[in-house]
$ cat upload30.cif   # mmCIF, N, CA and C atoms
data_query
loop_
_atom_site.label_atom_id
_atom_site.label_comp_id
_atom_site.auth_asym_id
_atom_site.auth_seq_id
_atom_site.Cartn_x
_atom_site.Cartn_y
_atom_site.Cartn_z
N LEU A 682 113.93 105.12 133.69
CA LEU A 682 114.00 104.07 132.70
C LEU A 682 114.21 102.73 133.40
N SER A 683 113.60 101.72 132.87
CA SER A 683 113.84 100.39 133.42
C SER A 683 115.19 99.88 132.93
N ALA A 684 115.64 98.78 133.48
CA ALA A 684 116.97 98.26 133.16
C ALA A 684 117.14 98.00 131.67
N HIS A 685 116.13 97.41 131.03
CA HIS A 685 116.28 97.10 129.61
C HIS A 685 116.18 98.35 128.72
N GLU A 686 115.73 99.46 129.27
CA GLU A 686 115.63 100.70 128.50
C GLU A 686 116.86 101.59 128.65
N SER A 687 117.76 101.25 129.54
CA SER A 687 118.90 102.12 129.80
C SER A 687 119.78 102.33 128.58
N SER A 688 119.77 101.38 127.66
CA SER A 688 120.57 101.54 126.44
C SER A 688 119.98 102.61 125.52
N ASN A 689 118.78 103.06 125.81
CA ASN A 689 118.14 104.10 124.99
C ASN A 689 118.63 105.50 125.34
N ILE A 690 119.41 105.65 126.38
CA ILE A 690 119.88 106.96 126.80
C ILE A 690 120.65 107.66 125.68
N ASP A 691 121.50 106.90 124.99
CA ASP A 691 122.26 107.50 123.89
C ASP A 691 121.34 108.00 122.78
N VAL A 692 120.30 107.24 122.50
CA VAL A 692 119.33 107.65 121.47
C VAL A 692 118.66 108.96 121.88
N LEU A 693 118.28 109.06 123.14
CA LEU A 693 117.63 110.27 123.63
C LEU A 693 118.58 111.46 123.60
N LYS A 694 119.83 111.23 123.93
CA LYS A 694 120.83 112.32 123.88
C LYS A 694 121.03 112.79 122.44
N GLU A 695 121.03 111.85 121.47
CA GLU A 695 121.15 112.23 120.06
C GLU A 695 120.01 113.14 119.63
N GLN A 696 118.85 112.94 120.24
CA GLN A 696 117.67 113.74 119.93
C GLN A 696 117.61 115.01 120.76
N LYS A 697 118.70 115.28 121.50
CA LYS A 697 118.82 116.47 122.35
C LYS A 697 117.75 116.50 123.45
N ILE A 698 117.47 115.33 123.99
CA ILE A 698 116.52 115.22 125.11
C ILE A 698 117.35 115.08 126.38
N ASP A 699 117.27 116.09 127.23
CA ASP A 699 118.03 116.07 128.48
C ASP A 699 117.33 115.17 129.49
N MET A 700 118.13 114.47 130.24
CA MET A 700 117.59 113.58 131.25
C MET A 700 118.30 113.83 132.57
N LYS A 701 117.55 113.69 133.63
CA LYS A 701 118.11 113.80 134.97
C LYS A 701 117.81 112.49 135.68
N GLN A 702 118.84 111.87 136.21
CA GLN A 702 118.64 110.61 136.90
C GLN A 702 118.10 110.86 138.29
N GLU A 703 117.07 110.12 138.62
CA GLU A 703 116.52 110.18 139.97
C GLU A 703 116.16 108.76 140.36
N LYS A 704 116.51 108.39 141.53
CA LYS A 704 116.25 107.03 141.98
C LYS A 704 114.74 106.79 142.10
N TYR A 705 114.36 105.62 141.68
CA TYR A 705 112.97 105.18 141.69
C TYR A 705 112.38 105.31 143.10
N GLU A 706 113.15 104.89 144.07
CA GLU A 706 112.69 104.93 145.46
C GLU A 706 112.44 106.35 145.93
N ALA A 707 113.26 107.30 145.47
CA ALA A 707 113.08 108.70 145.86
C ALA A 707 111.78 109.25 145.29
N CYS A 708 111.46 108.88 144.06
CA CYS A 708 110.19 109.33 143.44
C CYS A 708 109.00 108.77 144.21
N LEU A 709 109.07 107.49 144.55
CA LEU A 709 107.97 106.87 145.29
C LEU A 709 107.84 107.46 146.69
N ASP A 710 108.96 107.80 147.30
CA ASP A 710 108.90 108.41 148.63
C ASP A 710 108.24 109.79 148.57
N LYS A 711 108.55 110.56 147.52
CA LYS A 711 107.91 111.87 147.34
C LYS A 711 106.40 111.70 147.16
N LEU A 712 106.01 110.68 146.40
CA LEU A 712 104.59 110.39 146.19
C LEU A 712 103.92 110.03 147.51
N ARG A 713 104.57 109.17 148.29
CA ARG A 713 104.03 108.77 149.58
C ARG A 713 103.83 109.97 150.49
N THR A 714 104.82 110.86 150.53
CA THR A 714 104.75 112.06 151.36
C THR A 714 103.62 112.98 150.88
N PHE A 715 103.53 113.17 149.57
CA PHE A 715 102.50 114.03 149.00
C PHE A 715 101.10 113.52 149.33
N LEU A 716 100.90 112.21 149.24
CA LEU A 716 99.59 111.63 149.52
C LEU A 716 99.36 111.37 151.00
N GLN A 717 100.36 111.69 151.81
CA GLN A 717 100.29 111.53 153.27
C GLN A 717 99.92 110.11 153.67
N MET A 718 100.65 109.17 153.11
CA MET A 718 100.43 107.76 153.43
C MET A 718 101.66 107.20 154.12
N LYS A 719 101.46 106.17 154.92
CA LYS A 719 102.57 105.57 155.65
C LYS A 719 103.41 104.66 154.76
N ARG A 720 102.75 103.93 153.88
CA ARG A 720 103.48 102.97 153.05
C ARG A 720 103.54 103.43 151.59
N THR A 721 104.71 103.30 151.00
CA THR A 721 104.92 103.68 149.61
C THR A 721 104.02 102.86 148.68
N GLU A 722 103.90 101.57 148.97
CA GLU A 722 103.08 100.69 148.14
C GLU A 722 101.63 101.16 148.09
N ASP A 723 101.12 101.65 149.22
CA ASP A 723 99.75 102.14 149.27
C ASP A 723 99.58 103.38 148.40
N ALA A 724 100.57 104.25 148.42
CA ALA A 724 100.51 105.47 147.61
C ALA A 724 100.53 105.13 146.13
N ALA A 725 101.42 104.22 145.72
CA ALA A 725 101.50 103.82 144.31
C ALA A 725 100.20 103.14 143.87
N SER A 726 99.64 102.30 144.73
CA SER A 726 98.37 101.64 144.42
C SER A 726 97.24 102.64 144.27
N GLN A 727 97.24 103.66 145.13
CA GLN A 727 96.20 104.69 145.07
C GLN A 727 96.26 105.44 143.74
N VAL A 728 97.44 105.82 143.32
CA VAL A 728 97.59 106.53 142.04
C VAL A 728 97.14 105.63 140.89
N GLN A 729 97.56 104.36 140.91
CA GLN A 729 97.16 103.43 139.84
C GLN A 729 95.65 103.28 139.78
N LYS A 730 95.00 103.19 140.95
CA LYS A 730 93.54 103.04 141.00
C LYS A 730 92.85 104.28 140.43
N VAL A 731 93.34 105.46 140.75
CA VAL A 731 92.75 106.70 140.23
C VAL A 731 92.86 106.73 138.70
N VAL A 732 94.02 106.36 138.18
CA VAL A 732 94.21 106.35 136.73
C VAL A 732 93.28 105.33 136.08
N GLU A 733 93.20 104.13 136.64
CA GLU A 733 92.33 103.09 136.08
C GLU A 733 90.86 103.49 136.16
N ASP A 734 90.43 104.08 137.27
CA ASP A 734 89.04 104.53 137.40
C ASP A 734 88.73 105.60 136.36
N TYR A 735 89.65 106.52 136.16
CA TYR A 735 89.44 107.58 135.17
C TYR A 735 89.31 106.99 133.77
N CYS A 736 90.09 105.96 133.49
CA CYS A 736 90.08 105.37 132.15
C CYS A 736 88.86 104.48 131.90
N LYS A 737 88.00 104.32 132.90
CA LYS A 737 86.75 103.58 132.68
C LYS A 737 85.74 104.44 131.94
N VAL A 738 85.92 105.76 131.97
CA VAL A 738 85.06 106.67 131.21
C VAL A 738 85.37 106.46 129.74
N LYS A 739 84.34 106.32 128.92
CA LYS A 739 84.52 105.95 127.51
C LYS A 739 85.52 106.84 126.77
N GLU A 740 85.38 108.15 126.90
CA GLU A 740 86.27 109.07 126.18
C GLU A 740 87.71 108.92 126.66
N ALA A 741 87.90 108.80 127.96
CA ALA A 741 89.24 108.67 128.52
C ALA A 741 89.87 107.35 128.11
N LYS A 742 89.06 106.29 128.08
CA LYS A 742 89.58 104.99 127.67
C LYS A 742 90.05 105.04 126.22
N GLY A 743 89.29 105.70 125.37
CA GLY A 743 89.69 105.84 123.97
C GLY A 743 91.01 106.58 123.84
N LEU A 744 91.17 107.64 124.63
CA LEU A 744 92.43 108.39 124.61
C LEU A 744 93.58 107.53 125.13
N ALA A 745 93.32 106.75 126.18
CA ALA A 745 94.36 105.90 126.75
C ALA A 745 94.78 104.83 125.73
N ILE A 746 93.82 104.27 125.02
CA ILE A 746 94.14 103.26 124.00
C ILE A 746 94.98 103.89 122.90
N ARG A 747 94.61 105.07 122.45
CA ARG A 747 95.38 105.73 121.39
C ARG A 747 96.79 106.08 121.88
N ALA A 748 96.90 106.52 123.13
CA ALA A 748 98.22 106.83 123.69
C ALA A 748 99.07 105.56 123.77
N PHE A 749 98.45 104.48 124.22
CA PHE A 749 99.16 103.20 124.29
C PHE A 749 99.64 102.76 122.91
N GLN A 750 98.75 102.86 121.92
CA GLN A 750 99.11 102.48 120.55
C GLN A 750 100.26 103.34 120.03
N SER A 751 100.22 104.63 120.31
CA SER A 751 101.30 105.52 119.87
C SER A 751 102.62 105.14 120.53
N TYR A 752 102.55 104.82 121.80
CA TYR A 752 103.75 104.42 122.55
C TYR A 752 104.35 103.15 121.94
N VAL A 753 103.48 102.17 121.66
CA VAL A 753 103.94 100.91 121.09
C VAL A 753 104.52 101.15 119.69
N ARG A 754 103.88 101.99 118.90
CA ARG A 754 104.42 102.31 117.57
C ARG A 754 105.80 102.96 117.68
N ALA A 755 105.97 103.84 118.65
CA ALA A 755 107.27 104.48 118.84
C ALA A 755 108.33 103.44 119.18
N TYR A 756 107.96 102.48 120.00
CA TYR A 756 108.90 101.42 120.35
C TYR A 756 109.27 100.59 119.13
N ARG A 757 108.32 100.43 118.24
CA ARG A 757 108.58 99.63 117.04
C ARG A 757 109.29 100.44 115.95
N SER A 758 109.52 101.73 116.21
CA SER A 758 110.18 102.58 115.22
C SER A 758 111.63 102.16 115.04
N SER A 759 112.30 102.80 114.14
CA SER A 759 113.68 102.42 113.81
C SER A 759 114.61 102.46 115.01
N TYR A 760 114.41 103.40 115.93
CA TYR A 760 115.30 103.49 117.09
C TYR A 760 115.12 102.33 118.07
N PHE A 761 113.92 101.87 118.24
CA PHE A 761 113.64 100.92 119.31
C PHE A 761 113.23 99.52 118.85
N LYS A 762 113.19 99.26 117.56
CA LYS A 762 112.66 97.98 117.11
C LYS A 762 113.43 96.78 117.67
N ASP A 763 114.73 96.93 117.90
CA ASP A 763 115.49 95.82 118.46
C ASP A 763 115.16 95.58 119.94
N LYS A 764 114.51 96.53 120.59
CA LYS A 764 114.12 96.40 122.00
C LYS A 764 112.65 95.99 122.16
N PHE A 765 111.91 95.92 121.05
CA PHE A 765 110.47 95.70 121.13
C PHE A 765 110.12 94.38 121.82
N GLU A 766 110.91 93.37 121.59
CA GLU A 766 110.62 92.07 122.21
C GLU A 766 110.68 92.12 123.73
N ASP A 767 111.43 93.08 124.29
CA ASP A 767 111.55 93.22 125.74
C ASP A 767 110.36 93.96 126.36
N LEU A 768 109.55 94.60 125.53
CA LEU A 768 108.44 95.40 126.05
C LEU A 768 107.28 94.48 126.42
N HIS A 769 106.87 94.50 127.68
CA HIS A 769 105.73 93.69 128.14
C HIS A 769 104.46 94.52 127.90
N LEU A 770 103.67 94.12 126.92
CA LEU A 770 102.51 94.92 126.53
C LEU A 770 101.46 95.03 127.63
N GLY A 771 101.27 93.97 128.41
CA GLY A 771 100.30 94.03 129.49
C GLY A 771 100.67 95.03 130.57
N HIS A 772 101.94 95.01 130.96
CA HIS A 772 102.41 95.97 131.97
C HIS A 772 102.36 97.39 131.42
N THR A 773 102.73 97.53 130.16
CA THR A 773 102.71 98.85 129.53
C THR A 773 101.29 99.39 129.48
N ALA A 774 100.33 98.55 129.09
CA ALA A 774 98.92 98.97 129.03
C ALA A 774 98.44 99.43 130.40
N LYS A 775 98.86 98.73 131.44
CA LYS A 775 98.44 99.10 132.80
C LYS A 775 98.94 100.49 133.17
N THR A 776 100.13 100.88 132.70
CA THR A 776 100.62 102.22 133.01
C THR A 776 99.77 103.30 132.36
N PHE A 777 99.01 102.94 131.33
CA PHE A 777 98.10 103.88 130.69
C PHE A 777 96.69 103.80 131.28
N GLY A 778 96.53 103.02 132.35
CA GLY A 778 95.23 102.90 133.02
C GLY A 778 94.32 101.88 132.39
N LEU A 779 94.85 101.07 131.48
CA LEU A 779 94.04 100.06 130.80
C LEU A 779 94.13 98.75 131.56
N THR A 780 92.99 98.19 131.92
CA THR A 780 92.97 96.98 132.74
C THR A 780 92.76 95.72 131.92
N GLU A 781 92.35 95.87 130.67
CA GLU A 781 92.15 94.70 129.82
C GLU A 781 93.46 94.28 129.19
N SER A 782 93.50 93.06 128.72
CA SER A 782 94.65 92.59 127.97
C SER A 782 94.75 93.40 126.68
N PRO A 783 95.95 93.81 126.28
CA PRO A 783 96.09 94.61 125.05
C PRO A 783 95.45 93.96 123.84
N SER A 784 95.51 92.62 123.76
CA SER A 784 94.91 91.96 122.59
C SER A 784 93.40 92.21 122.53
N THR A 785 92.76 92.41 123.66
CA THR A 785 91.32 92.66 123.70
C THR A 785 90.97 93.97 123.03
N PHE A 786 91.64 95.05 123.41
CA PHE A 786 91.26 96.34 122.84
C PHE A 786 91.99 96.65 121.55
N LEU A 787 93.16 96.07 121.34
CA LEU A 787 93.85 96.33 120.07
C LEU A 787 93.10 95.74 118.90
N HIS A 788 92.59 94.53 119.07
CA HIS A 788 91.87 93.90 117.97
C HIS A 788 90.53 94.56 117.70
N LYS A 789 89.95 95.20 118.70
CA LYS A 789 88.71 95.95 118.49
C LYS A 789 88.97 97.24 117.72
N ASN A 790 90.20 97.76 117.81
CA ASN A 790 90.50 99.07 117.25
C ASN A 790 91.39 99.05 116.02
N LEU A 791 91.80 97.87 115.58
CA LEU A 791 92.63 97.78 114.39
C LEU A 791 91.85 97.16 113.24
N SER A 792 92.10 97.64 112.05
CA SER A 792 91.49 97.02 110.88
C SER A 792 92.11 95.65 110.69
N ARG A 793 91.49 94.81 109.86
CA ARG A 793 92.03 93.48 109.61
C ARG A 793 93.44 93.56 109.01
N LYS A 794 93.66 94.52 108.12
CA LYS A 794 94.98 94.68 107.51
C LYS A 794 96.03 95.00 108.57
N LYS A 795 95.71 95.92 109.47
CA LYS A 795 96.66 96.30 110.51
C LYS A 795 96.86 95.16 111.50
N GLN A 796 95.81 94.35 111.76
CA GLN A 796 95.96 93.20 112.63
C GLN A 796 96.95 92.21 112.04
N ALA A 797 96.85 91.99 110.73
CA ALA A 797 97.78 91.07 110.06
C ALA A 797 99.21 91.60 110.13
N GLU A 798 99.38 92.90 109.95
CA GLU A 798 100.71 93.52 110.05
C GLU A 798 101.28 93.38 111.45
N ALA A 799 100.40 93.52 112.46
CA ALA A 799 100.86 93.46 113.86
C ALA A 799 101.35 92.08 114.21
N ARG A 800 100.81 91.03 113.56
CA ARG A 800 101.23 89.66 113.85
C ARG A 800 102.59 89.33 113.26
N LYS A 801 103.07 90.13 112.31
CA LYS A 801 104.36 89.82 111.63
C LYS A 801 105.53 90.04 112.53
#
$ encode --input "upload30.cif" --output "structure tokens"
Amino acid sequence: LSAHESSNIDVLKEQKIDMKQEKYEACLDKLRTFLQMKRTEDAASQVQKVVEDYCKVKEAKGLAIRAFQSYVRAYRSSYFKDKFEDLHLGHTAKTFGLTESPSTFLHKNLSRKKQAEARK
């Protein structure tokens, strides 16, 4: 979890979701070792590139957009709505392999009514 998400731990525990803390650096080091790279940054970049390349396929991109939309809706739900302003949509979209600005693909995939609701 990022720093602004750490307050969500109690919400997750209420939902009986077990969590194990692991340092970010340790995860990246495991990735670097697995990919047999010298630099952690190179390993993370390689994984991001693979995800982005995969999402260029039309079907995969559609799935990534729907997953992103579901994630954003969950953040806007009753548990997370007070944290929604802290969510950077561009960075979040990138984690789903989407390279376009969220406004580009969201407006293509939302009806006019839903677009108006999203602006509120």
$ atom_distance --input "upload30.cif" --atom1 "atom N of Glu695 (chain A)" --atom2 "atom C of Gln750 (chain A)"
22.5 Å
$ atom_distance --input "upload30.cif" --atom1 "CA of Arg713 (chain A)" --atom2 "CA of Ser726 (chain A)"
10.5 Å
$ atom_distance --input "upload30.cif" --atom1 "atom N of Tyr752 (chain A)" --atom2 "atom C of Ser687 (chain A)"
18.7 Å
$ resolve_selection --input "upload30.cif" --expression "the PyMOL selection byres (((chain A and resi 732 and name CA) around 12) and name CA)" --output "list in words"
Ala725, Ser726, Gln727, Val728, Gln729, Lys730, Val731, Glu733, Asp734, Tyr735, Cys736, Lys737, Val738, Ala741, Lys742, Ala745, Ala774, Lys775, Thr776, Phe777, Gly778, Leu779 and Thr780 of chain A
$ closest_residue --input "upload30.cif" --among "A:Ala724, A:Lys697, A:Leu768, A:Glu781" --to "Leu709 (chain A)" --atoms "all atoms listed in the file"
A:Ala724
$ axis_aligned_box --input "upload30.cif" --around "region 699-714 of chain A" --padding-each-side "6 Å" --output "JSON"
{"center_x": 111.2, "center_y": 110.5, "center_z": 139.3, "size_x": 27.2, "size_y": 23.2, "size_z": 36.1}
